[in-house]
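*Asks:* Supplied in structure tokens, the structure appears directly below.
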Amino acid sequence: MAQLVGRSGAFAEVRRKLERCGLAAGSVGEVIALRENLTQRRAIAETDAGAEHDVLERYYSDAVDQWVAYVRRVTREGAPEFEVRIEDSRAAVARSLAEANRVGSLLNNLLPLRRLGEWIQIYRSLANARHRQRFREQELREFREVTAAPLRQWRARLIRHREDRESSICERLRIVDSQLGCVVGLMDGGELGGAAAELEVIEKLSALPNGWVVLSDVQLVAERWFYYNEQHLKSAQIDHVVVGPGGVWIIETKNWSGAFVKRGDFFDPYEQVGRASFLCHRVLKEVDLPSKTRQVIATRTRLPAKTGKSFAKVLPPEGLCGYLTWFGAEIEPAEISQIATLLAKYVARD
């Protein structure tokens with residue numbers, strides 16, 4: 001069995017995104033199960049949130065009904081007393097007005113002086129009667145205001161509660177929706193499919209004989225810049241590097257759909273594996289290790305047509321071991337160990 005160093009870079013990224021949402025998964029199957037569990041949790045949470053909202057709505061509605069009954073009772077019992085007192089004040093005003101009309105205006109009552117005193121007394125009585133009437137009417141308004149204020153508050157709460165139903169339920173579901181959106185995005189966006197493909201390739205490569213080394217998620221960085229295909233090159237991310245008696249292989253794993261290939265929004269996989277192979281060759285050559293590298297693209301799905309000269313071999317995962325072991329021995333076991341030790345420094349760590 002081959003020695004495995006490192007893990008799938010694509011699945012490591014999937015795990016990091018899940019962790020940012022408060023989730024964890026150790027395999028592709030667990031991610032798929034997460035989607036099912038979160039979908040069920042969301043349905044249950046939505047039902048529970050709706051039920052709790054309805055319970056609180058019934059509480060507010062019952063409180064409104066109770067206050068309506070209370071206001072009606074208190075108003076029915078208390079208002080007549082105010083009405084009687086107001087009618088008394090109105091009668092006093094009417095009497096004072098009648099007296100005022102009898103004595104006439106101020107000009108008609110200047111002389112004799114006794115008539116002036118009578119006029120002042122009558123109009124003072126009229127002013128007092130009007131003041132009492134306004135005071136009683138204000139008392140009645142304040143009574144009705146104080147009695148009805150709690151009712152208006154409960155009605156306002158009920159209206160707001162009904163209007164906030166959707167936003168309240170959404171807030172309750174915010175966390176589970178965020179988690180479910182993360183999982184759905186990983187699955188529907190193709191990231192989980194890419195991770196699954198890398199994990200399958202690692203599993204297939206693990207069946208290589210003893211003495212072979214499989215390094216995954218290699219973040220290769222050279223100590224100086226190299227010129228490749230009219231561009232300067234110093235670093236490359238490599239899905240898998242396999243080192244064995246037959247040499248060194250650079251393997252890129254792809255799991256692309258036909259629709260994705262048709263959109264054309266991707267970096268040329270042949271160019272990608274070619275750049276990685278060239279950089280690995282130069283890094284090994286710099287330290288006088290066997291530096292011949294070969295290129296492989298592992299995929300079961302459709303790839304775009306080659307746009308230029310490429311030496312990459314395209315194989316399904318199950319064909320990798322047979323292809324790699326077909327080559328005759330070219331490097332010694334000590335050199336295999338040296339190459340693996342050098343490249344292991346560039347394997348990504350969680």
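Labels for the structure tokens follow display order: chains A, B, ..., residues from 1 in each chain, ligands from 1.
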Name all residues at most 7 Å from A:Tyr346 (count only C-alpha atoms; drop same-chain ones fewer than 3 positions away) and give them as a list of chain:residue names.
*Replies:*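 Within the cut-off, the hits are A:Val218, A:Gln219, A:Leu220, A:Leu343.
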*Asks:* Wanna dump the stretch 142-255 of chain A-stretch 3-23 of chain A contacts at 6 Å for me, each residue with its shortest atom pair and the distance in Å to one decimal, counting only C-alpha atoms, ordered by chain and number, as JSON lines?
*Replies:*
{"residue": "A:Gln179", "atom": "CA", "partner": "A:Cys21", "partner_atom": "CA", "distance": 5.6}
{"residue": "A:Ala195", "atom": "CA", "partner": "A:Phe11", "partner_atom": "CA", "distance": 4.6}
{"residue": "A:Glu198", "atom": "CA", "partner": "A:Ser8", "partner_atom": "CA", "distance": 5.9}
{"residue": "A:Val213", "atom": "CA", "partner": "A:Gln3", "partner_atom": "CA", "distance": 4.7}
{"residue": "A:Val214", "atom": "CA", "partner": "A:Leu4", "partner_atom": "CA", "distance": 4.9}
{"residue": "A:Leu215", "atom": "CA", "partner": "A:Val5", "partner_atom": "CA", "distance": 4.6}
{"residue": "A:Ser216", "atom": "CA", "partner": "A:Gly6", "partner_atom": "CA", "distance": 4.9}
{"residue": "A:Asp217", "atom": "CA", "partner": "A:Gly9", "partner_atom": "CA", "distance": 4.9}
*Asks:* Tell me which protein, DNA and RNA residues are within 8 Å of A:Leu208, counting only C-alpha atoms, leaving out same-chain ones fewer than 3 positions away, and put them as a list in words.
*Replies:*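 So the residues in contact are Met1, Ala2, Lys204, Leu205, Trp212, Cys321 and Thr325 of chain A.
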*Asks:* Quick one: residues within 12 Å of A:Gly308, only C-alpha atoms counted, chain neighbours fewer than 5 positions away excluded, as a PyMOL selection string?
*Replies:* chain A and resi 229+268-271+274
*Asks:* Restricting it to N, CA and C atoms, dump the selection as a PDB file, in the first residue's frame.
*Replies:*
ATOM      1  N   ASN A 229       5.867  29.487 -20.745  1.00  0.00           N
ATOM      2  CA  ASN A 229       4.770  29.807 -21.662  1.00  0.00           C
ATOM      3  C   ASN A 229       4.454  31.315 -21.651  1.00  0.00           C
ATOM      4  N   ASP A 268      -7.795  26.765 -18.169  1.00  0.00           N
ATOM      5  CA  ASP A 268      -7.508  25.598 -19.006  1.00  0.00           C
ATOM      6  C   ASP A 268      -6.822  24.507 -18.168  1.00  0.00           C
ATOM      7  N   PRO A 269      -7.454  23.328 -17.999  1.00  0.00           N
ATOM      8  CA  PRO A 269      -6.851  22.287 -17.149  1.00  0.00           C
ATOM      9  C   PRO A 269      -5.537  21.766 -17.701  1.00  0.00           C
ATOM     10  N   TYR A 270      -5.395  21.754 -19.040  1.00  0.00           N
ATOM     11  CA  TYR A 270      -4.136  21.288 -19.632  1.00  0.00           C
ATOM     12  C   TYR A 270      -3.018  22.287 -19.334  1.00  0.00           C
ATOM     13  N   GLU A 271      -3.341  23.573 -19.399  1.00  0.00           N
ATOM     14  CA  GLU A 271      -2.378  24.600 -19.043  1.00  0.00           C
ATOM     15  C   GLU A 271      -2.039  24.509 -17.557  1.00  0.00           C
ATOM     16  N   GLY A 274       0.139  21.530 -16.878  1.00  0.00           N
ATOM     17  CA  GLY A 274       1.437  21.767 -17.514  1.00  0.00           C
ATOM     18  C   GLY A 274       2.296  22.715 -16.693  1.00  0.00           C
TER      19      GLY A 274
END
*Asks:* Using DSSP assignments from the backbone, pull out every residue in stretch 22-243 of chain A that falls under strand (DSSP E or B) and give it to me as a PyMOL selection string.
*Replies:* chain A and resi 213-228+231-243
*Asks:* At a cut-off of 6 Å, using only C-alpha atoms, what residues contact stretch 295-297 of chain A? Leave out same-chain residues fewer than 2 positions from it and give the result as an NGL selection string.
*Replies:* :A and (249-253 or 312-314)
*Asks:* Would you kindly return, as a PyMOL selection string, each protein, DNA or RNA residue with an atom no farther than 10 Å from any atom of stretch 33-41 of chain A, considering only C-alpha atoms and excluding same-chain residues fewer than 5 positions away?
*Replies:* chain A and resi 23-25+27-28+46-47+173+176-177+179-184+187
*Asks:* Could you write those residues out with N, CA and C atoms, as a PDB file, in the first residue's frame?
*Replies:*
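So out_13.pdb came out as:
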ATOM      1  N   LEU A  23     -20.813  24.146  11.364  1.00  0.00           N
ATOM      2  CA  LEU A  23     -21.089  22.755  11.002  1.00  0.00           C
ATOM      3  C   LEU A  23     -19.776  21.980  10.900  1.00  0.00           C
ATOM      4  N   ALA A  24     -19.885  20.674  10.895  1.00  0.00           N
ATOM      5  CA  ALA A  24     -18.703  19.818  10.761  1.00  0.00           C
ATOM      6  C   ALA A  24     -19.097  18.561  10.000  1.00  0.00           C
ATOM      7  N   ALA A  25     -18.166  18.102   9.162  1.00  0.00           N
ATOM      8  CA  ALA A  25     -18.388  16.865   8.404  1.00  0.00           C
ATOM      9  C   ALA A  25     -17.036  16.243   8.119  1.00  0.00           C
ATOM     10  N   SER A  27     -16.785  13.529   5.936  1.00  0.00           N
ATOM     11  CA  SER A  27     -16.819  12.837   4.652  1.00  0.00           C
ATOM     12  C   SER A  27     -17.878  13.479   3.769  1.00  0.00           C
ATOM     13  N   VAL A  28     -17.842  13.117   2.497  1.00  0.00           N
ATOM     14  CA  VAL A  28     -18.841  13.630   1.554  1.00  0.00           C
ATOM     15  C   VAL A  28     -20.231  13.156   1.958  1.00  0.00           C
ATOM     16  N   GLU A  46     -39.663  25.936  11.416  1.00  0.00           N
ATOM     17  CA  GLU A  46     -40.669  26.834  10.838  1.00  0.00           C
ATOM     18  C   GLU A  46     -42.041  26.550  11.435  1.00  0.00           C
ATOM     19  N   THR A  47     -42.369  25.259  11.584  1.00  0.00           N
ATOM     20  CA  THR A  47     -43.650  24.890  12.198  1.00  0.00           C
ATOM     21  C   THR A  47     -43.717  25.370  13.644  1.00  0.00           C
ATOM     22  N   LEU A 173     -35.439  31.420  11.892  1.00  0.00           N
ATOM     23  CA  LEU A 173     -34.849  30.451  10.962  1.00  0.00           C
ATOM     24  C   LEU A 173     -33.517  30.925  10.403  1.00  0.00           C
ATOM     25  N   VAL A 176     -30.420  28.432  10.853  1.00  0.00           N
ATOM     26  CA  VAL A 176     -30.552  27.183  10.091  1.00  0.00           C
ATOM     27  C   VAL A 176     -30.594  27.467   8.592  1.00  0.00           C
ATOM     28  N   ASP A 177     -31.169  28.613   8.183  1.00  0.00           N
ATOM     29  CA  ASP A 177     -31.173  28.968   6.764  1.00  0.00           C
ATOM     30  C   ASP A 177     -29.757  29.246   6.271  1.00  0.00           C
ATOM     31  N   GLN A 179     -26.987  27.958   7.510  1.00  0.00           N
ATOM     32  CA  GLN A 179     -26.282  26.675   7.429  1.00  0.00           C
ATOM     33  C   GLN A 179     -26.745  25.873   6.219  1.00  0.00           C
ATOM     34  N   LEU A 180     -28.060  25.842   6.006  1.00  0.00           N
ATOM     35  CA  LEU A 180     -28.582  25.092   4.862  1.00  0.00           C
ATOM     36  C   LEU A 180     -28.111  25.720   3.555  1.00  0.00           C
ATOM     37  N   GLY A 181     -28.082  27.057   3.498  1.00  0.00           N
ATOM     38  CA  GLY A 181     -27.594  27.728   2.293  1.00  0.00           C
ATOM     39  C   GLY A 181     -26.146  27.398   2.012  1.00  0.00           C
ATOM     40  N   CYS A 182     -25.339  27.294   3.077  1.00  0.00           N
ATOM     41  CA  CYS A 182     -23.924  26.929   2.905  1.00  0.00           C
ATOM     42  C   CYS A 182     -23.802  25.532   2.308  1.00  0.00           C
ATOM     43  N   VAL A 183     -24.533  24.580   2.860  1.00  0.00           N
ATOM     44  CA  VAL A 183     -24.449  23.190   2.378  1.00  0.00           C
ATOM     45  C   VAL A 183     -24.980  23.083   0.945  1.00  0.00           C
ATOM     46  N   VAL A 184     -26.115  23.718   0.681  1.00  0.00           N
ATOM     47  CA  VAL A 184     -26.687  23.667  -0.672  1.00  0.00           C
ATOM     48  C   VAL A 184     -25.734  24.301  -1.679  1.00  0.00           C
ATOM     49  N   MET A 187     -22.961  21.929  -2.496  1.00  0.00           N
ATOM     50  CA  MET A 187     -23.391  20.786  -3.311  1.00  0.00           C
ATOM     51  C   MET A 187     -23.764  21.222  -4.721  1.00  0.00           C
TER      52      MET A 187
END
*Asks:* Which residue gives the smallest distance to A:Val68 among A:Gln121, A:Asn210, A:Thr147, A:Gln138, with only C-alpha atoms counted?
*Replies:*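 Closest candidate: A:Thr147.
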